[in-house]
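For reference, my_file16.csv (CSV, C-alpha atoms):
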```csv
chain,number,residue,atom,x,y,z
A,1,MET,CA,5.8,98.1,112.9
A,2,LYS,CA,2.4,98.0,111.3
A,3,ARG,CA,-0.9,96.5,112.6
A,4,MET,CA,-4.6,96.7,112.3
A,5,PRO,CA,-6.2,97.7,115.7
A,6,ALA,CA,-9.0,95.5,117.1
A,7,GLU,CA,-12.4,97.0,117.3
A,8,TRP,CA,-12.3,97.2,121.1
A,9,GLU,CA,-9.3,99.5,121.0
A,10,LYS,CA,-9.8,103.3,121.6
A,11,GLN,CA,-11.9,104.9,118.9
A,12,ARG,CA,-11.8,108.5,117.7
A,13,VAL,CA,-15.1,108.6,115.8
A,14,VAL,CA,-17.6,106.3,114.1
A,15,LEU,CA,-18.8,106.9,110.6
A,16,LEU,CA,-22.4,106.4,109.3
A,17,SER,CA,-23.9,106.9,105.9
A,18,PHE,CA,-27.6,107.7,105.9
A,19,PRO,CA,-30.1,106.6,103.2
A,20,HIS,CA,-31.6,109.2,100.8
A,21,GLU,CA,-33.9,109.5,97.8
A,22,GLU,CA,-31.3,108.1,95.4
A,23,THR,CA,-30.6,104.9,97.2
A,24,ASP,CA,-32.4,101.5,97.1
A,25,TRP,CA,-34.1,102.3,100.4
A,26,VAL,CA,-36.7,104.4,98.6
A,27,GLU,CA,-38.4,101.2,97.3
A,28,GLY,CA,-39.0,99.9,100.8
A,29,GLY,CA,-39.9,103.2,102.4
A,30,LEU,CA,-37.2,105.8,103.1
A,31,ASN,CA,-38.7,107.1,106.4
A,32,GLU,CA,-38.9,103.7,107.9
A,33,ALA,CA,-35.3,103.0,106.8
A,34,LEU,CA,-34.1,106.2,108.5
A,35,SER,CA,-35.3,105.0,111.9
A,36,PRO,CA,-32.6,102.4,112.7
A,37,PHE,CA,-29.9,104.7,111.4
A,38,ILE,CA,-31.1,107.4,113.8
A,39,ARG,CA,-31.2,105.0,116.7
A,40,ILE,CA,-27.7,103.7,115.9
A,41,ALA,CA,-26.3,107.2,115.7
A,42,GLN,CA,-28.0,108.1,119.0
A,43,ALA,CA,-26.6,105.0,120.7
A,44,ILE,CA,-23.0,105.8,119.6
A,45,ALA,CA,-23.2,109.6,120.2
A,46,TYR,CA,-24.3,109.1,123.8
A,47,GLN,CA,-20.5,108.8,124.6
A,48,GLU,CA,-18.6,109.0,121.3
A,49,ALA,CA,-18.3,111.2,118.3
A,50,VAL,CA,-20.3,110.3,115.1
A,51,TYR,CA,-19.8,111.6,111.6
A,52,ILE,CA,-23.0,111.2,109.6
A,53,ILE,CA,-22.6,111.3,105.9
A,54,CYS,CA,-25.8,112.4,104.2
A,55,LYS,CA,-27.4,114.1,101.2
A,56,ASP,CA,-29.1,116.9,103.1
A,57,LYS,CA,-27.6,117.8,106.5
A,58,GLU,CA,-30.3,120.2,107.5
A,59,LYS,CA,-33.0,117.6,106.9
A,60,ILE,CA,-31.2,114.8,108.7
A,61,SER,CA,-30.0,116.8,111.7
A,62,SER,CA,-33.6,118.0,112.2
A,63,MET,CA,-34.7,114.4,112.9
A,64,PHE,CA,-32.7,114.3,116.2
A,65,CYS,CA,-33.8,115.7,119.5
A,66,SER,CA,-30.1,116.2,120.4
A,67,THR,CA,-27.2,116.4,118.0
A,68,ARG,CA,-24.5,116.3,120.7
A,69,ASN,CA,-21.3,114.5,119.4
A,70,MET,CA,-22.8,114.5,115.9
A,71,THR,CA,-21.3,116.1,112.8
A,72,PHE,CA,-23.4,116.0,109.6
A,73,ILE,CA,-21.4,116.0,106.3
A,74,GLU,CA,-22.9,116.2,102.8
A,75,ILE,CA,-21.2,113.8,100.4
A,76,PRO,CA,-22.8,111.9,97.5
A,77,THR,CA,-23.3,108.1,98.1
A,78,ASN,CA,-24.8,105.1,96.3
A,79,ASP,CA,-25.5,103.1,99.5
A,80,THR,CA,-25.3,103.1,103.2
A,81,TRP,CA,-23.0,100.2,104.1
A,82,ILE,CA,-20.0,102.3,105.1
A,83,ARG,CA,-18.3,99.3,106.8
A,84,ASP,CA,-17.3,98.2,103.4
A,85,TYR,CA,-16.2,101.4,101.7
A,86,GLY,CA,-15.1,103.5,104.7
A,87,TYR,CA,-11.6,103.9,105.9
A,88,ILE,CA,-9.7,100.9,107.4
A,89,SER,CA,-7.5,102.1,110.3
A,90,ILE,CA,-4.0,100.8,110.9
A,91,LYS,CA,-1.3,101.7,113.4
A,92,GLU,CA,2.1,102.5,112.0
A,93,LYS,CA,4.8,103.2,114.6
A,94,ASP,CA,1.9,103.7,117.1
A,95,LYS,CA,0.3,106.4,114.9
A,96,THR,CA,-3.0,106.0,113.1
A,97,LYS,CA,-3.0,105.9,109.3
A,98,LEU,CA,-6.2,105.6,107.2
A,99,LEU,CA,-6.4,103.2,104.3
A,100,ASP,CA,-8.7,103.7,101.3
A,101,PHE,CA,-9.2,100.4,99.5
A,102,ASN,CA,-11.1,100.0,96.2
A,103,PHE,CA,-14.7,99.1,96.6
A,104,ASP,CA,-16.5,97.4,93.7
A,105,GLY,CA,-20.0,97.0,95.0
A,106,TRP,CA,-19.4,93.5,96.4
A,107,GLY,CA,-18.0,92.0,93.2
A,108,GLY,CA,-19.8,94.3,90.7
A,109,LYS,CA,-23.3,93.5,92.1
A,110,PHE,CA,-24.2,97.2,92.6
A,111,GLU,CA,-23.1,100.6,91.5
A,112,ALA,CA,-20.4,102.1,93.8
A,113,GLY,CA,-18.9,105.1,92.0
A,114,PHE,CA,-19.9,107.6,94.7
A,115,ASP,CA,-19.2,105.3,97.6
A,116,ASN,CA,-15.6,104.7,96.3
A,117,LEU,CA,-15.0,108.5,96.5
A,118,VAL,CA,-16.3,109.0,100.1
A,119,ASN,CA,-12.9,108.5,101.9
A,120,SER,CA,-10.9,110.8,99.7
A,121,THR,CA,-13.7,113.5,99.8
A,122,LEU,CA,-14.0,113.3,103.6
A,123,HIS,CA,-10.2,113.6,103.9
A,124,LYS,CA,-10.1,116.6,101.6
A,125,LYS,CA,-12.8,118.3,103.6
A,126,GLY,CA,-10.5,118.1,106.6
A,127,TYR,CA,-12.6,116.0,108.9
A,128,MET,CA,-9.7,113.6,109.5
A,129,GLY,CA,-7.3,116.4,110.5
A,130,ILE,CA,-3.7,115.6,109.8
A,131,THR,CA,-4.2,111.8,110.0
A,132,PRO,CA,-2.5,110.5,106.8
A,133,LEU,CA,-4.5,108.8,104.1
A,134,GLU,CA,-3.1,106.1,101.8
A,135,LYS,CA,-4.9,104.9,98.6
A,136,VAL,CA,-4.6,101.1,98.2
A,137,ASP,CA,-5.0,99.4,94.8
A,138,LEU,CA,-6.8,96.4,96.2
A,139,VAL,CA,-10.5,95.5,96.6
A,140,LEU,CA,-11.1,94.9,100.3
A,141,GLU,CA,-14.2,95.5,102.4
A,142,GLY,CA,-14.1,96.3,106.1
A,143,GLY,CA,-16.8,93.7,106.8
A,144,SER,CA,-14.7,91.0,105.3
A,145,ILE,CA,-11.9,91.0,107.9
A,146,GLU,CA,-11.7,90.8,111.7
A,147,SER,CA,-8.5,91.8,113.6
A,148,ASP,CA,-7.4,90.8,117.1
A,149,GLY,CA,-5.1,93.8,117.2
A,150,GLU,CA,-2.0,91.6,117.5
A,151,GLY,CA,-1.5,90.5,113.9
A,152,THR,CA,-4.2,87.9,113.5
A,153,ILE,CA,-6.8,88.4,110.7
A,154,LEU,CA,-10.0,86.3,110.6
A,155,THR,CA,-11.7,86.1,107.2
A,156,THR,CA,-13.5,83.9,104.7
A,157,SER,CA,-12.1,82.4,101.6
A,158,GLU,CA,-15.5,82.7,99.8
A,159,CYS,CA,-15.1,86.5,99.9
A,160,LEU,CA,-11.4,87.3,99.7
A,161,CYS,CA,-10.6,84.7,97.1
A,162,ASN,CA,-13.7,85.3,95.0
A,163,PRO,CA,-13.0,85.9,91.3
A,164,ASN,CA,-15.2,89.0,91.6
A,165,ARG,CA,-12.6,90.7,93.8
A,166,ASN,CA,-9.1,91.2,92.4
A,167,GLY,CA,-9.6,88.6,89.8
A,168,GLY,CA,-9.5,85.7,92.3
A,169,LEU,CA,-6.3,85.8,94.2
A,170,SER,CA,-5.1,82.7,96.0
A,171,LYS,CA,-4.9,82.4,99.8
A,172,THR,CA,-1.2,82.8,99.7
A,173,GLU,CA,-1.4,85.9,97.5
A,174,ILE,CA,-4.0,87.4,99.8
A,175,GLU,CA,-1.9,86.6,102.9
A,176,LYS,CA,1.1,88.4,101.4
A,177,LYS,CA,-0.9,91.5,100.6
A,178,LEU,CA,-2.5,91.5,104.1
A,179,GLU,CA,1.0,91.2,105.6
A,180,GLU,CA,2.3,94.1,103.5
A,181,ILE,CA,-0.7,96.4,103.9
A,182,LEU,CA,-2.2,95.6,107.4
A,183,GLY,CA,0.9,94.1,109.1
A,184,ALA,CA,-0.9,90.7,109.4
A,185,LYS,CA,1.3,88.0,111.0
A,186,ARG,CA,-1.2,85.2,110.2
A,187,VAL,CA,-4.6,84.7,108.6
A,188,LEU,CA,-7.3,82.4,109.9
A,189,TRP,CA,-9.4,81.2,106.9
A,190,LEU,CA,-13.0,80.1,107.3
A,191,ASP,CA,-14.0,78.0,104.3
A,192,HIS,CA,-17.6,77.4,105.3
A,193,GLY,CA,-20.5,79.4,106.5
A,194,TYR,CA,-23.1,81.7,104.8
A,195,LEU,CA,-26.3,83.5,105.4
A,196,ALA,CA,-29.2,83.4,103.0
A,197,GLY,CA,-29.9,86.9,101.5
A,198,ASP,CA,-26.3,88.0,102.0
A,199,ASP,CA,-24.9,89.9,99.0
A,200,THR,CA,-21.3,90.1,100.3
A,201,ASP,CA,-20.2,86.5,99.6
A,202,SER,CA,-19.9,85.6,103.3
A,203,HIS,CA,-18.5,88.6,105.1
A,204,ILE,CA,-16.9,87.5,108.4
A,205,ASP,CA,-18.8,90.1,110.4
A,206,THR,CA,-22.0,88.2,109.8
A,207,LEU,CA,-20.6,84.9,110.9
A,208,ALA,CA,-17.8,85.1,113.5
A,209,ARG,CA,-16.2,88.0,115.5
A,210,PHE,CA,-13.2,88.5,117.8
A,211,VAL,CA,-14.3,89.5,121.3
A,212,ASN,CA,-10.8,89.6,122.6
A,213,GLN,CA,-7.5,87.9,121.6
A,214,LYS,CA,-8.7,84.6,123.1
A,215,THR,CA,-12.4,84.6,122.3
A,216,ILE,CA,-14.5,84.3,119.2
A,217,ALA,CA,-18.3,84.7,119.1
A,218,TYR,CA,-20.0,82.9,116.2
A,219,ILE,CA,-23.4,82.1,114.8
A,220,LYS,CA,-24.5,78.6,115.6
A,221,CYS,CA,-27.5,76.9,113.9
A,222,ALA,CA,-29.1,74.2,116.1
A,223,ASP,CA,-31.9,73.3,113.8
A,224,LYS,CA,-30.9,70.4,111.5
A,225,GLU,CA,-33.8,71.3,109.1
A,226,ASP,CA,-32.5,74.8,108.6
A,227,GLU,CA,-30.8,75.5,105.3
A,228,HIS,CA,-27.8,76.9,107.2
A,229,TYR,CA,-27.2,74.0,109.5
A,230,GLU,CA,-24.6,72.0,107.4
A,231,ALA,CA,-22.5,75.0,106.4
A,232,LEU,CA,-22.5,76.6,109.9
A,233,LYS,CA,-21.7,73.2,111.5
A,234,LYS,CA,-18.6,72.9,109.3
A,235,MET,CA,-17.7,76.5,110.2
A,236,GLU,CA,-18.0,75.6,113.9
A,237,ASP,CA,-15.7,72.6,113.4
A,238,GLN,CA,-13.2,74.8,111.6
A,239,LEU,CA,-13.3,77.4,114.4
A,240,GLU,CA,-12.6,74.6,116.9
A,241,SER,CA,-9.4,73.7,115.0
A,242,PHE,CA,-8.1,77.3,115.3
A,243,THR,CA,-5.6,78.2,118.0
A,244,THR,CA,-4.5,81.5,119.5
A,245,THR,CA,-1.0,82.9,119.1
A,246,GLU,CA,-0.2,80.9,122.2
A,247,GLU,CA,-1.2,77.7,120.4
A,248,LYS,CA,-4.2,77.2,122.7
A,249,PRO,CA,-7.8,76.7,121.4
A,250,TYR,CA,-10.0,79.8,121.3
A,251,SER,CA,-12.8,80.2,123.7
A,252,LEU,CA,-15.8,79.9,121.4
A,253,VAL,CA,-19.1,81.5,122.3
A,254,PRO,CA,-22.1,80.5,120.2
A,255,LEU,CA,-24.6,83.1,119.3
A,256,PRO,CA,-28.2,81.9,118.6
A,257,MET,CA,-29.5,81.7,115.1
A,258,CYS,CA,-32.5,84.0,114.5
A,259,GLU,CA,-35.8,82.5,113.4
A,260,ALA,CA,-36.2,82.8,109.6
A,261,LYS,CA,-37.1,86.3,108.5
A,262,TYR,CA,-38.5,87.0,105.0
A,263,ASN,CA,-39.2,90.0,102.9
A,264,LYS,CA,-42.5,90.6,101.1
A,265,LYS,CA,-41.3,88.6,98.1
A,266,GLY,CA,-40.7,85.6,100.3
A,267,ASP,CA,-36.9,85.8,100.2
A,268,ARG,CA,-35.0,84.9,103.4
A,269,LEU,CA,-33.1,87.8,105.0
A,270,PRO,CA,-29.6,87.7,106.6
A,271,ALA,CA,-30.6,88.3,110.3
A,272,THR,CA,-27.5,87.7,112.5
A,273,TYR,CA,-26.5,88.7,116.0
A,274,ALA,CA,-22.8,88.6,115.0
A,275,ASN,CA,-23.3,92.0,113.3
A,276,PHE,CA,-22.7,93.9,116.6
A,277,LEU,CA,-20.6,97.1,117.1
A,278,ILE,CA,-18.0,97.5,119.8
A,279,THR,CA,-17.6,101.2,120.8
A,280,ASN,CA,-15.5,102.9,123.5
A,281,ASN,CA,-18.1,102.4,126.2
A,282,ALA,CA,-20.9,100.3,124.7
A,283,LEU,CA,-21.8,97.1,122.9
A,284,ILE,CA,-24.5,97.9,120.4
A,285,TYR,CA,-26.2,94.9,118.9
A,286,PRO,CA,-29.0,94.2,116.4
A,287,ILE,CA,-32.4,92.7,117.4
A,288,TYR,CA,-35.1,91.4,115.1
A,289,ASP,CA,-38.3,91.0,117.1
A,290,ASP,CA,-37.1,87.5,117.6
A,291,ARG,CA,-37.5,85.1,120.5
A,292,ASN,CA,-33.7,84.9,120.7
A,293,ASP,CA,-33.2,88.7,121.1
A,294,LYS,CA,-33.2,88.3,124.9
A,295,LYS,CA,-30.8,85.3,124.8
A,296,ALA,CA,-28.3,87.3,122.7
A,297,ALA,CA,-28.5,90.2,125.2
A,298,GLU,CA,-27.6,87.9,128.0
A,299,ILE,CA,-24.6,86.5,126.1
A,300,PHE,CA,-23.4,90.0,125.3
A,301,LYS,CA,-23.7,91.1,128.9
A,302,GLU,CA,-21.4,88.2,129.9
A,303,LEU,CA,-18.9,88.9,127.1
A,304,PHE,CA,-18.8,92.7,127.8
A,305,PRO,CA,-19.3,93.2,131.5
A,306,ASP,CA,-17.8,96.6,131.5
A,307,LYS,CA,-19.8,98.1,128.6
A,308,GLU,CA,-23.4,99.3,128.3
A,309,ILE,CA,-25.4,96.8,126.2
A,310,ILE,CA,-27.7,98.6,123.7
A,311,PRO,CA,-30.1,96.9,121.4
A,312,VAL,CA,-31.3,98.4,118.1
A,313,ASN,CA,-34.1,96.9,116.0
A,314,CYS,CA,-32.6,96.1,112.6
A,315,LEU,CA,-35.4,94.3,110.9
A,316,LYS,CA,-35.6,97.1,108.4
A,317,LEU,CA,-31.8,97.0,107.7
A,318,ILE,CA,-31.8,93.4,106.7
A,319,GLU,CA,-34.3,94.1,104.0
A,320,GLN,CA,-31.4,95.6,102.1
A,321,GLY,CA,-29.0,92.8,103.1
A,322,GLY,CA,-27.0,94.3,105.9
A,323,SER,CA,-27.3,95.0,109.6
A,324,LEU,CA,-25.9,97.2,112.4
A,325,HIS,CA,-22.1,96.6,112.0
A,326,CYS,CA,-22.4,96.9,108.2
A,327,SER,CA,-23.8,100.4,108.8
A,328,THR,CA,-20.9,101.7,110.7
A,329,MET,CA,-17.1,102.1,110.6
A,330,GLN,CA,-14.9,103.0,113.5
A,331,ILE,CA,-11.8,105.2,113.2
A,332,ALA,CA,-8.9,104.4,115.6
A,333,TYR,CA,-7.4,107.0,117.8
```
Show this structure as structure tokens.
Amino acid sequence: MKRMPAEWEKQRVVLLSFPHEETDWVEGGLNEALSPFIRIAQAIAYQEAVYIICKDKEKISSMFCSTRNMTFIEIPTNDTWIRDYGYISIKEKDKTKLLDFNFDGWGGKFEAGFDNLVNSTLHKKGYMGITPLEKVDLVLEGGSIESDGEGTILTTSECLCNPNRNGGLSKTEIEKKLEEILGAKRVLWLDHGYLAGDDTDSHIDTLARFVNQKTIAYIKCADKEDEHYEALKKMEDQLESFTTTEEKPYSLVPLPMCEAKYNKKGDRLPATYANFLITNNALIYPIYDDRNDKKAAEIFKELFPDKEIIPVNCLKLIEQGGSLHCSTMQIAY
């Protein structure tokens, strides 16, 4: 039997990939960009192992007061969004296997030659021990799928069926591949929902997330004048039509929409509270110097009463189109 574990299941380590002088972060200030990555690494490493992929391990490790639970690994990268090119973990006969999918820079938008080699390089260096690695000839990004751990995959048709990935496979063709590769028993397709400034063609991890097998947290836009209102309302309506494996409606928990954030050019940025990370003992979530930061914290405290709730300011991250969850990838035990 094969399945993709849920994010809340036991984790062995979390991967991060730090910005360096040859990434786009240089244009917006590399030192400023490093700050949220350091904070994310510290929040995870407090109780869980972290592998930090970087260009210069001596330079990066010197930025931490404590490097407990941290391992620094020098591997070339194009970008920092390891959620989308890092390993995807599956369980096969209750044993973890790592899958290495193709990564094409979100449909050829960005160079990804180095990023596409990170998984095989990391495995060859021995950091994954004897955990087997399988190369999969399919473009699939970790941020584009959510798993409930019991065979249900939540995703968006805008991303997975996009012609810029795999030539534009149909929902039926995608479902068959997810069944074969991830052990998916069913796929819940969202056909609506987007965030301005998002380069991923509507990744699910910016819009709606499984909290447990019966609960989905999602972004809700209450402002009818906001450009997102119509699409996110249609997404909400579709979420309300979904049922659990027990054929009961999901418990839907709306997350507030951030006030509009813009870069220096006046472009709106994809600020979303849905881009949180569940670790073994904590819920780490992004904040944006926004009036809704506190409201998001209160919601997460109710959703995860047994976990430490840790905020990380991610205003700098969204300047490059991603946020906290996009910056990380957990490896299942």
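The nearest approach to Thr206 of chain A among the residues A:Trp25, A:Phe276, A:Phe242, A:Phe304, with only C-alpha atoms taken into account, belongs to A:Phe276.
If you measure from each of A:Leu315, A:Ile40, A:Ile90, A:Cys65 to Glu134 of chain A using all atoms listed in the file, the closest one turns out to be A:Ile90.
Distances here use only C-alpha atoms; by that measure, the residue among A:Pro249, A:Lys295, A:Thr77, A:Ser327 closest to Arg39 of chain A is A:Ser327.
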For Leu239 of chain A, which residue among A:Val139, A:Ala260, A:Leu190, A:Leu269 is the nearest when counting all atoms listed in the file?
-> A:Leu190
Find the residues around Pro76 of chain A up to 9 Å (only C-alpha atoms counted), leave out those fewer than 4 positions away in its own chain, and share them as a PyMOL selection string.
-> chain A and resi 53-55+114-115+117-118
Would you work out the distance separating atom CA of Pro311 of chain A from atom CA of Arg291 of chain A, expressed in Å to one decimal?
-> 14.0 Å
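Once Leu140 of chain A and its same-chain neighbours fewer than 4 positions away are set aside, Asp84, Tyr85, Phe101, Asn102, Phe103, Asp104, Ser144, Ile145, Leu160, Arg165 and Asn166 of chain A remain within 9 Å of it when counting all atoms listed in the file.
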Straight-line distance linking atom CA of Gly113 of chain A with atom CA of Asn78 of chain A, stated in Å to one decimal | 7.3 Å
Shell around Tyr229 of chain A at 12 Å using all atoms listed in the file, local window under 5 positions removed, as a list in words | His192, Gly193, Tyr194, Leu195, Ala196, Ile219, Lys220, Cys221, Ala222, Asp223, Lys224, Lys234, Met235, Glu236 and Met257 of chain A
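Taking atom CA of Pro5 of chain A as the reference point, atom CA of Gly167 of chain A is found at 27.7 Å.
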